[in-house]
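target.txt (compact mmCIF, C-alpha atoms)
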# COMPACT_ATOMS: atom_id res chain seq x y z
CA MET A 46 -93.31 -185.70 154.04
CA PRO A 47 -93.54 -183.63 150.85
CA THR A 48 -92.02 -184.93 147.63
CA ILE A 49 -89.05 -183.00 146.24
CA LEU A 50 -89.12 -182.44 142.47
CA ASN A 51 -86.57 -180.99 140.09
CA THR A 52 -87.71 -178.17 137.81
CA GLU A 53 -88.60 -180.36 134.84
CA GLU A 54 -90.64 -182.72 137.03
CA PHE A 55 -92.28 -179.77 138.81
CA LEU A 56 -93.37 -178.13 135.55
CA GLY A 57 -94.59 -181.47 134.23
CA ARG A 58 -96.84 -181.90 137.25
CA ALA A 59 -97.98 -178.28 136.92
CA LYS A 60 -99.91 -179.21 133.78
CA SER A 61 -102.54 -180.76 136.04
CA LEU A 62 -101.83 -179.39 139.54
CA PRO A 63 -101.96 -175.85 141.00
CA ILE A 64 -98.73 -174.06 141.92
CA ILE A 65 -98.53 -172.16 145.21
CA ASP A 66 -95.86 -169.46 145.24
CA VAL A 67 -95.23 -168.50 148.88
CA ARG A 68 -92.81 -165.65 148.14
CA SER A 69 -93.73 -162.09 149.08
CA PRO A 70 -96.06 -160.06 146.83
CA GLY A 71 -93.13 -157.95 145.61
CA GLU A 72 -91.18 -161.02 144.54
CA TYR A 73 -94.24 -162.48 142.83
CA ASP A 74 -95.20 -159.25 141.06
CA LYS A 75 -91.71 -158.89 139.60
CA ALA A 76 -92.01 -162.31 137.97
CA HIS A 77 -93.35 -165.78 138.72
CA ILE A 78 -94.03 -169.15 137.15
CA PRO A 79 -96.94 -168.57 134.73
CA GLY A 80 -100.21 -169.72 136.28
CA ALA A 81 -98.92 -169.82 139.86
CA PHE A 82 -101.07 -168.55 142.75
CA ASN A 83 -99.43 -166.18 145.21
CA LEU A 84 -99.97 -167.20 148.84
CA PRO A 85 -97.24 -165.20 150.59
CA LEU A 86 -96.00 -166.42 153.92
CA PHE A 87 -94.82 -162.84 154.60
CA ASN A 88 -95.81 -159.54 153.05
CA ASP A 89 -92.97 -157.36 151.74
CA GLN A 90 -92.48 -155.47 154.99
CA GLU A 91 -92.56 -158.63 157.13
CA ARG A 92 -90.02 -160.30 154.86
CA ALA A 93 -87.68 -157.33 155.27
CA VAL A 94 -88.04 -157.48 159.07
CA VAL A 95 -87.31 -161.22 159.20
CA GLY A 96 -84.27 -160.69 156.98
CA THR A 97 -82.97 -157.98 159.28
CA TYR A 98 -83.48 -160.21 162.34
CA TYR A 99 -81.54 -163.00 160.60
CA LYS A 100 -78.57 -160.73 159.84
CA GLN A 101 -78.48 -158.94 163.18
CA ARG A 102 -79.78 -161.52 165.71
CA GLY A 103 -79.34 -164.92 164.13
CA ARG A 104 -81.49 -167.70 162.70
CA VAL A 105 -83.44 -168.66 165.84
CA GLN A 106 -84.74 -165.18 166.57
CA ALA A 107 -85.53 -164.68 162.86
CA VAL A 108 -87.62 -167.88 162.89
CA GLN A 109 -89.43 -166.75 166.04
CA LYS A 110 -90.20 -163.37 164.46
CA GLY A 111 -91.43 -165.16 161.37
CA LEU A 112 -93.76 -167.34 163.43
CA GLU A 113 -95.14 -164.21 165.07
CA PHE A 114 -96.11 -162.91 161.62
CA VAL A 115 -97.38 -166.20 160.21
CA GLY A 116 -99.39 -167.51 163.16
CA PRO A 117 -102.55 -165.44 162.62
CA LYS A 118 -102.61 -166.35 158.90
CA LEU A 119 -102.54 -170.15 159.15
CA LYS A 120 -106.30 -170.67 158.91
CA GLU A 121 -106.60 -168.37 155.88
CA PHE A 122 -103.78 -170.22 154.13
CA THR A 123 -105.57 -173.55 154.46
CA LYS A 124 -108.93 -172.04 153.44
CA PHE A 125 -107.38 -170.63 150.27
CA VAL A 126 -105.83 -173.92 149.17
CA LEU A 127 -108.85 -176.04 150.13
CA LYS A 128 -110.95 -173.88 147.79
CA LEU A 129 -108.75 -175.03 144.92
CA GLU A 130 -110.30 -178.48 145.41
CA SER A 131 -107.08 -180.28 144.51
CA PRO A 132 -105.84 -183.20 146.63
CA GLU A 133 -102.26 -182.21 145.76
CA VAL A 134 -100.48 -178.90 145.19
CA LEU A 135 -97.02 -177.79 144.12
CA VAL A 136 -95.27 -175.35 146.46
CA HIS A 137 -92.17 -173.22 146.04
CA CYS A 138 -90.37 -170.24 147.54
CA TRP A 139 -87.17 -168.48 146.42
CA ARG A 140 -84.58 -171.21 147.16
CA GLY A 141 -86.71 -174.14 148.22
CA GLY A 142 -86.05 -173.47 151.90
CA MET A 143 -88.03 -172.72 155.02
CA ARG A 144 -90.96 -170.82 153.53
CA SER A 145 -92.06 -173.58 151.16
CA SER A 146 -91.33 -176.30 153.74
CA ALA A 147 -93.42 -174.48 156.35
CA MET A 148 -96.35 -174.11 153.95
CA ALA A 149 -96.13 -177.78 152.95
CA TRP A 150 -96.17 -178.83 156.61
CA LEU A 151 -99.27 -176.72 157.23
CA LEU A 152 -101.17 -177.95 154.17
CA GLU A 153 -100.40 -181.58 154.90
CA THR A 154 -102.07 -181.16 158.32
CA VAL A 155 -105.34 -180.68 156.39
CA ASP A 156 -104.62 -183.69 154.16
CA ILE A 157 -103.38 -181.83 151.10
CA LYS A 158 -100.41 -183.58 149.56
CA CYS A 159 -97.52 -181.28 148.66
CA SER A 160 -94.57 -181.46 146.30
CA LEU A 161 -91.74 -178.93 146.59
CA LEU A 162 -89.52 -177.42 143.91
CA LYS A 163 -85.89 -178.32 144.53
CA GLY A 164 -83.89 -175.10 144.60
CA GLY A 165 -87.09 -173.02 144.44
CA TYR A 166 -87.79 -170.21 142.00
CA LYS A 167 -84.05 -169.61 141.63
CA ALA A 168 -83.62 -173.10 140.13
CA TYR A 169 -86.62 -172.52 137.88
CA ARG A 170 -85.06 -169.29 136.57
CA ASN A 171 -81.84 -171.11 135.72
CA TYR A 172 -83.92 -173.69 133.87
CA VAL A 173 -85.69 -170.92 131.93
CA LEU A 174 -82.44 -169.26 130.87
CA GLU A 175 -80.92 -172.60 129.87
CA SER A 176 -83.95 -173.32 127.66
CA PHE A 177 -83.03 -170.39 125.41
CA ALA A 178 -79.61 -171.86 124.65
CA ASN A 179 -81.05 -175.04 123.11
CA GLU A 180 -80.99 -175.48 119.34
CA TYR A 181 -84.21 -174.56 117.55
CA LYS A 182 -85.21 -174.37 113.91
CA PHE A 183 -86.49 -170.82 113.88
CA ILE A 184 -87.82 -169.11 110.76
CA LEU A 185 -88.17 -165.34 110.96
CA LEU A 186 -91.12 -163.60 109.35
CA GLY A 187 -90.10 -160.14 108.15
CA GLY A 188 -91.80 -157.29 106.37
CA CYS A 189 -92.40 -153.56 106.63
CA THR A 190 -94.81 -152.06 109.15
CA GLY A 191 -98.41 -152.92 108.30
CA SER A 192 -97.56 -156.18 106.52
CA GLY A 193 -99.72 -158.17 108.94
CA LYS A 194 -96.89 -160.24 110.42
CA THR A 195 -98.59 -160.68 113.80
CA GLU A 196 -101.78 -161.72 112.04
CA LEU A 197 -99.80 -164.27 110.00
CA ILE A 198 -98.17 -165.68 113.16
CA ASP A 199 -101.65 -166.16 114.62
CA LEU A 200 -102.86 -167.83 111.41
CA LEU A 201 -99.85 -170.16 111.42
CA ILE A 202 -100.70 -171.24 114.97
CA LYS A 203 -104.35 -171.81 114.04
CA ALA A 204 -103.22 -173.85 111.02
CA GLY A 205 -101.32 -176.21 113.32
CA GLU A 206 -97.84 -174.84 112.60
CA GLN A 207 -95.35 -174.07 115.36
CA ALA A 208 -95.11 -170.34 116.04
CA ILE A 209 -94.67 -167.95 118.96
CA ASP A 210 -96.26 -164.50 119.11
CA LEU A 211 -93.46 -162.53 120.75
CA GLU A 212 -95.40 -159.27 120.66
CA GLY A 213 -98.42 -160.95 122.24
CA LEU A 214 -96.24 -162.19 125.11
CA ALA A 215 -94.73 -158.70 125.48
CA ASN A 216 -98.10 -156.86 125.29
CA HIS A 217 -96.56 -154.54 122.71
CA LYS A 218 -96.58 -154.27 118.91
CA GLY A 219 -93.00 -153.17 118.66
CA SER A 220 -93.24 -149.54 117.45
CA ALA A 221 -93.86 -146.14 119.01
CA PHE A 222 -97.55 -147.00 118.62
CA GLY A 223 -97.10 -150.50 120.04
CA ALA A 224 -98.55 -149.88 123.50
CA ILE A 225 -101.86 -148.47 122.25
CA GLY A 226 -104.74 -150.75 123.18
CA GLN A 227 -102.45 -153.18 125.03
CA GLU A 228 -102.30 -154.32 128.64
CA PRO A 229 -99.29 -153.08 130.69
CA GLN A 230 -96.08 -154.80 129.70
CA PRO A 231 -94.66 -157.56 131.91
CA SER A 232 -91.17 -157.31 133.35
CA SER A 233 -88.43 -158.70 131.11
CA GLU A 234 -88.05 -161.54 133.62
CA TYR A 235 -91.71 -162.52 133.43
CA PHE A 236 -91.61 -162.19 129.64
CA GLU A 237 -88.74 -164.69 129.68
CA ASN A 238 -90.76 -167.05 131.86
CA LYS A 239 -93.73 -166.90 129.47
CA LEU A 240 -91.49 -167.26 126.43
CA SER A 241 -89.79 -170.33 127.89
CA GLU A 242 -93.18 -171.83 128.69
CA GLU A 243 -94.29 -171.44 125.06
CA LEU A 244 -90.96 -172.64 123.69
CA LEU A 245 -90.92 -175.82 125.77
CA LYS A 246 -94.35 -176.79 124.41
CA LEU A 247 -92.90 -177.04 120.91
CA ASP A 248 -90.94 -179.71 119.05
CA PRO A 249 -87.37 -178.40 118.52
CA THR A 250 -86.87 -180.75 115.55
CA LYS A 251 -89.58 -178.92 113.57
CA PRO A 252 -89.65 -175.30 112.31
CA ILE A 253 -90.81 -172.57 114.70
CA TRP A 254 -92.02 -169.28 113.21
CA LEU A 255 -91.17 -165.97 114.90
CA GLU A 256 -91.72 -162.39 113.84
CA ASP A 257 -88.47 -160.62 112.97
CA GLU A 258 -88.12 -158.27 115.94
CA SER A 259 -85.70 -155.77 117.35
CA ARG A 260 -83.91 -156.86 120.53
CA ASN A 261 -86.36 -154.73 122.52
CA ILE A 262 -90.14 -155.05 122.23
CA GLY A 263 -91.23 -151.89 123.97
CA LYS A 264 -89.58 -152.06 127.39
CA VAL A 265 -89.11 -155.84 127.27
CA ASN A 266 -85.82 -157.43 126.23
CA ILE A 267 -85.54 -160.64 124.20
CA PRO A 268 -83.10 -162.90 126.12
CA GLN A 269 -79.58 -162.89 124.67
CA ALA A 270 -79.29 -166.61 123.83
CA PHE A 271 -82.70 -166.58 122.13
CA TRP A 272 -81.77 -163.42 120.23
CA ASP A 273 -78.48 -164.95 119.07
CA ASN A 274 -80.43 -167.92 117.72
CA MET A 275 -82.84 -165.58 115.92
CA ARG A 276 -80.02 -163.70 114.22
CA THR A 277 -78.63 -166.87 112.62
CA SER A 278 -82.06 -168.11 111.49
CA PRO A 279 -83.50 -167.89 107.94
CA LEU A 280 -85.69 -164.92 107.11
CA VAL A 281 -88.76 -164.77 104.86
CA VAL A 282 -89.86 -161.27 103.88
CA VAL A 283 -93.51 -160.57 103.15
CA ASP A 284 -93.83 -157.88 100.46
CA ILE A 285 -97.09 -155.93 100.73
CA PRO A 286 -97.77 -152.72 98.75
CA HIS A 287 -97.69 -149.41 100.63
CA GLN A 288 -101.40 -148.75 100.04
CA VAL A 289 -102.47 -152.13 101.49
CA ARG A 290 -100.25 -151.67 104.52
CA LEU A 291 -101.64 -148.19 105.05
CA GLU A 292 -105.16 -149.61 104.87
CA ARG A 293 -104.28 -152.19 107.54
CA LEU A 294 -102.81 -149.56 109.84
CA LEU A 295 -105.91 -147.40 109.52
CA ARG A 296 -108.07 -150.42 110.26
CA ASP A 297 -106.06 -151.30 113.35
CA TYR A 298 -105.25 -147.86 114.80
CA ALA A 299 -107.74 -145.27 113.56
CA VAL A 300 -110.25 -146.60 116.12
CA PHE A 301 -108.18 -145.11 118.95
CA PRO A 302 -108.48 -141.50 120.19
CA ALA A 303 -106.50 -138.96 118.17
CA GLU A 304 -104.79 -137.77 121.37
CA LYS A 305 -103.36 -141.25 121.96
CA LEU A 306 -102.06 -141.46 118.40
CA ALA A 307 -100.56 -137.97 118.71
CA GLU A 308 -98.65 -139.00 121.84
CA SER A 309 -97.05 -141.83 119.88
CA ILE A 310 -96.18 -139.58 116.94
CA LYS A 311 -94.37 -137.23 119.35
CA LYS A 312 -92.15 -140.14 120.45
CA ILE A 313 -90.55 -140.27 117.00
CA GLU A 314 -90.27 -136.50 116.46
CA LYS A 315 -86.46 -136.55 116.32
CA ARG A 316 -86.50 -139.34 113.75
CA LEU A 317 -89.30 -137.83 111.65
CA GLY A 318 -87.87 -134.33 111.80
CA TYR A 319 -89.68 -131.34 113.27
CA ASP A 320 -91.56 -130.32 110.12
CA LYS A 321 -92.84 -133.79 109.23
CA CYS A 322 -93.76 -134.49 112.84
CA LYS A 323 -95.76 -131.24 113.06
CA PHE A 324 -97.51 -132.03 109.78
CA ALA A 325 -98.40 -135.54 111.03
CA LEU A 326 -99.60 -134.20 114.39
CA ASP A 327 -101.77 -131.52 112.80
CA ALA A 328 -103.30 -134.09 110.43
CA CYS A 329 -103.92 -136.57 113.24
CA LEU A 330 -105.62 -134.04 115.51
CA ALA A 331 -107.70 -132.79 112.56
CA GLY A 332 -109.02 -136.31 112.01
CA ASP A 333 -106.92 -136.97 108.89
CA THR A 334 -105.38 -140.18 110.22
CA LYS A 335 -104.57 -141.38 106.71
CA THR A 336 -102.12 -138.53 106.11
CA ALA A 337 -100.61 -138.92 109.58
CA ALA A 338 -100.19 -142.68 109.13
CA SER A 339 -98.66 -142.25 105.68
CA ILE A 340 -95.98 -139.90 107.04
CA CYS A 341 -95.13 -142.31 109.87
CA LEU A 342 -95.14 -145.28 107.50
CA GLU A 343 -92.58 -143.58 105.29
CA TYR A 344 -90.24 -143.31 108.29
CA TYR A 345 -90.81 -146.91 109.44
CA ASP A 346 -90.25 -148.30 105.94
CA LYS A 347 -86.89 -146.56 105.70
CA ALA A 348 -85.90 -147.65 109.20
CA TYR A 349 -86.83 -151.31 108.62
CA ASN A 350 -85.07 -151.53 105.26
CA ASN A 351 -81.93 -150.00 106.77
CA GLN A 352 -82.18 -152.52 109.59
CA LEU A 353 -82.35 -155.40 107.10
CA GLU A 354 -79.34 -154.06 105.21
CA THR A 355 -77.34 -153.77 108.42
CA ARG A 356 -78.23 -157.25 109.63
CA TYR A 357 -78.00 -159.23 106.42
CA GLY A 358 -76.00 -157.20 103.89
CA GLU A 359 -75.54 -159.03 100.58
CA ARG A 360 -77.42 -162.07 101.88
CA LEU A 361 -80.62 -160.04 101.73
CA LYS A 362 -80.67 -160.32 97.91
CA SER A 363 -81.04 -164.11 98.02
CA MET A 364 -83.61 -164.28 100.82
CA PRO A 365 -87.09 -165.50 99.83
CA ARG A 366 -89.90 -162.97 99.45
CA ILE A 367 -93.62 -163.66 99.37
CA SER A 368 -95.82 -161.03 97.74
CA SER A 369 -99.46 -160.20 98.32
CA SER A 370 -101.63 -157.26 97.28
CA THR A 371 -104.58 -157.83 99.61
CA LEU A 372 -105.49 -157.71 103.29
CA ASP A 373 -106.50 -161.37 103.01
CA ASN A 374 -103.52 -163.34 104.34
CA SER A 375 -104.83 -166.82 103.45
CA ILE A 376 -102.74 -167.14 100.26
CA THR A 377 -99.65 -165.77 101.99
CA LEU A 378 -100.23 -168.29 104.76
CA GLU A 379 -100.18 -171.22 102.34
CA ASP A 380 -96.90 -170.00 100.84
CA LEU A 381 -95.33 -169.66 104.28
CA ILE A 382 -96.37 -173.15 105.34
CA HIS A 383 -94.95 -174.58 102.11
CA TYR A 384 -91.68 -172.71 102.61
CA GLY A 385 -91.32 -173.87 106.22
CA ARG A 386 -91.83 -177.51 105.34
CA GLU A 387 -89.40 -177.29 102.43
CA LYS A 388 -86.76 -175.43 104.48
CA TYR A 389 -86.50 -178.07 107.21

Exercise: express the given structure as structure tokens:
Amino acid sequence: MPTILNTEEFLGRAKSLPIIDVRSPGEYDKAHIPGAFNLPLFNDQERAVVGTYYKQRGRVQAVQKGLEFVGPKLKEFTKFVLKLESPEVLVHCWRGGMRSSAMAWLLETVDIKCSLLKGGYKAYRNYVLESFANEYKFILLGGCTGSGKTELIDLLIKAGEQAIDLEGLANHKGSAFGAIGQEPQPSSEYFENKLSEELLKLDPTKPIWLEDESRNIGKVNIPQAFWDNMRTSPLVVVDIPHQVRLERLLRDYAVFPAEKLAESIKKIEKRLGYDKCKFALDACLAGDTKTAASICLEYYDKAYNNQLETRYGERLKSMPRISSSTLDNSITLEDLIHYGREKY
């Protein structure tokens, strides 16, 4: 008989054991537990047929139809899991019902021990959402576009500090240019799963650095409870001169085709204004990326400063600022680490 585990136990065991997600490919592709293998009992069409049988003809005929679909796949299921070379696996479906139980029965016939997730993926999702409501000691890292905030988050992690790269999880750098050079964005649900996974690795009694983000990172939404926590967290603003930030943007973006950059400039035409947008586009397509970037940077600086004013008002005057006039973030890093340890 398979062991039944709650979500916390299941995820704890997942640190050393493979997870088998037996939901349909469509369910899995929408979002899944990070690192899980998809071994669907039914494909999307078969799942829909079984569901229709259940509603129209009852449970018994739905089960029989399901067996008709599954029967020819049994050998391939066992071959897949045996190749994982693990004496035990973790199995789940949507609600912890028949699909996961059926897979566990099959795998145990070939001597693979199975543990099931109580309540299935639905219970896991509730656990994920609840994790965002916990109390955390966040510190937000702010600064105008080109300040190297993502780079600083990465350096903090490498230095042994607690930090989460929200833009890295979202596969987006947060501006109209944010998708350039990135993998396709995950769904908001899968972003939440990955964010929860990173969050639960950290010690909530110690500071956790995050980049000061908008609620949306590209097409991905930061979960509400997490966002509420961010908005009440202290902010440190990194002040970097315009010329240094421009140099960083050219370093990071000028390597991409001018056509790609032009597409992103067009996305902010209404906010730039027609004349400035045309000037930036003409410069970009002529190979003058410095002029194009400078025009866009002017817009983003104004937008970010307005955003800070709206969020923090008078409190902004007393918030700490760390200045640097170089692309080398090592000195800035030391100041941030010192601030974080002093703050909490």

With 8 Å added on each side, what axis-aligned box encloses every listed atom of range 195-204 of chain A? Give the centre and edge lengths in Å to one decimal, as lines of an AutoDock Vina configuration file.
center_x = -101.3
center_y = -167.3
center_z = 112.5
size_x = 22.2
size_y = 29.2
size_z = 21.0

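We find CA of Asn274 in chain A and CA of Glu54 in chain A to be spaced 26.4 Å apart.
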
Exercise for review: Identify which of the residues A:Pro47, A:Pro365, A:Pro249, A:Gly165 lies closest to His77 in chain A, counting all atoms listed in the file when measuring atom-to-atom distances.
Suggested key: A:Gly165

Exercise for review: List the neighbours of Ile65 in chain A out to 8 Å using all atoms listed in the file; skip same-chain residues closer than 3 positions along the sequence, and give me the result as a list of chain:residue names.
Suggested key: A:Ala81, A:Phe82, A:Asn83, A:Leu84, A:Val134, A:Leu135, A:Val136, A:His137

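Minimum atom-to-atom distances from A:Ile225, A:Ser233, A:Arg260, A:Thr250 to Ala303 in chain A were compared using only C-alpha atoms, and the lowest value belongs to A:Ile225.
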
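Proximity ranking of A:Glu292, A:Glu258, A:Glu53, A:Asp297 relative to Ala168 in chain A places A:Glu53 first, based on all atoms listed in the file.
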
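Taking CA of Leu378 in chain A and CA of Thr355 in chain A as endpoints, the distance between them is 27.4 Å.
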
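Shell of Ser368 in chain A at 7 Å, with only C-alpha atoms counted and residues fewer than 6 places along the chain excluded, is Val283, Asp284 and Ile285 of chain A.
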
Exercise for review: Give me, please, the distance in Å between CA of Thr190 in chain A and CA of Ala208 in chain A, quoted to one decimal.
Suggested key: 19.5 Å

Practice item. Between A:Asp66, A:Asp156, A:Asp74, A:Glu243, single out the one closest to Thr123 in chain A, counting all atoms listed in the file. Key: A:Asp156

Exercise for review: Fewer than 3 positions away in the same chain doesn't count, so skip those; otherwise give me all residues within 12 Å of range 175-180 of chain A, counting only C-alpha atoms, as a ChimeraX atom specification.
Suggested key: /A:52-53,168-172,183,237-253,267-275,277-278

Exercise for review: Have a look at A:Gly103, A:Pro85, A:Gly111, A:Gly213 and name the one nearest to Trp139 in chain A; count only C-alpha atoms.
Suggested key: A:Pro85

**Study point:** Surrounding residues of Gly141 in chain A excluding itself and chain neighbours under 3 positions, 10 Å, only C-alpha atoms, as an MDAnalysis selection string
**Key:** chainID A and resid 49 136:138 144:146 161:168

**Study point:** Nearest residue to Ser192 in chain A from the set A:Ser339, A:Thr154, A:Gln288, A:Thr48 (distances using only C-alpha atoms)
**Key:** A:Gln288

Point to revise | Gly318 in chain A environment, 10 Å, all atoms listed in the file, sequence neighbours closer than 5 positions dropped, as a ChimeraX atom specification | key: /A:313,323,344

Starting from the incomplete input, reconstruct N, CA and C atoms of range 173-187 of chain A and write that as an mmCIF file, in the coordinates of the input.
data_model
loop_
_atom_site.group_PDB
_atom_site.id
_atom_site.type_symbol
_atom_site.label_atom_id
_atom_site.label_comp_id
_atom_site.auth_asym_id
_atom_site.auth_seq_id
_atom_site.Cartn_x
_atom_site.Cartn_y
_atom_site.Cartn_z
ATOM 1 N N VAL A 173 -85.142 -171.789 132.984
ATOM 2 C CA VAL A 173 -85.690 -170.920 131.930
ATOM 3 C C VAL A 173 -84.575 -170.391 131.038
ATOM 4 N N LEU A 174 -83.533 -169.848 131.647
ATOM 5 C CA LEU A 174 -82.440 -169.260 130.870
ATOM 6 C C LEU A 174 -81.708 -170.317 130.047
ATOM 7 N N GLU A 175 -81.556 -171.507 130.610
ATOM 8 C CA GLU A 175 -80.920 -172.600 129.870
ATOM 9 C C GLU A 175 -81.743 -173.024 128.661
ATOM 10 N N SER A 176 -83.083 -172.898 128.756
ATOM 11 C CA SER A 176 -83.950 -173.320 127.660
ATOM 12 C C SER A 176 -83.714 -172.487 126.402
ATOM 13 N N PHE A 177 -83.253 -171.252 126.563
ATOM 14 C CA PHE A 177 -83.030 -170.390 125.410
ATOM 15 C C PHE A 177 -81.758 -170.757 124.645
ATOM 16 N N ALA A 178 -80.873 -171.493 125.291
ATOM 17 C CA ALA A 178 -79.610 -171.860 124.650
ATOM 18 C C ALA A 178 -79.725 -173.138 123.821
ATOM 19 N N ASN A 179 -80.865 -173.822 123.904
ATOM 20 C CA ASN A 179 -81.050 -175.040 123.110
ATOM 21 C C ASN A 179 -81.115 -174.696 121.623
ATOM 22 N N GLU A 180 -80.923 -175.691 120.785
ATOM 23 C CA GLU A 180 -80.990 -175.480 119.340
ATOM 24 C C GLU A 180 -82.433 -175.577 118.865
ATOM 25 N N TYR A 181 -82.860 -174.580 118.107
ATOM 26 C CA TYR A 181 -84.210 -174.560 117.550
ATOM 27 C C TYR A 181 -84.152 -174.213 116.076
ATOM 28 N N LYS A 182 -85.137 -174.666 115.340
ATOM 29 C CA LYS A 182 -85.210 -174.370 113.910
ATOM 30 C C LYS A 182 -86.161 -173.193 113.687
ATOM 31 N N PHE A 183 -85.688 -172.017 114.042
ATOM 32 C CA PHE A 183 -86.490 -170.820 113.880
ATOM 33 C C PHE A 183 -86.554 -170.393 112.414
ATOM 34 N N ILE A 184 -87.694 -169.830 112.027
ATOM 35 C CA ILE A 184 -87.820 -169.110 110.760
ATOM 36 C C ILE A 184 -88.397 -167.747 111.109
ATOM 37 N N LEU A 185 -87.726 -166.688 110.666
ATOM 38 C CA LEU A 185 -88.170 -165.340 110.960
ATOM 39 C C LEU A 185 -89.087 -164.824 109.857
ATOM 40 N N LEU A 186 -90.167 -164.193 110.277
ATOM 41 C CA LEU A 186 -91.120 -163.600 109.350
ATOM 42 C C LEU A 186 -90.905 -162.088 109.360
ATOM 43 N N GLY A 187 -90.395 -161.557 108.243
ATOM 44 C CA GLY A 187 -90.100 -160.140 108.150
ATOM 45 C C GLY A 187 -91.063 -159.419 107.234
#
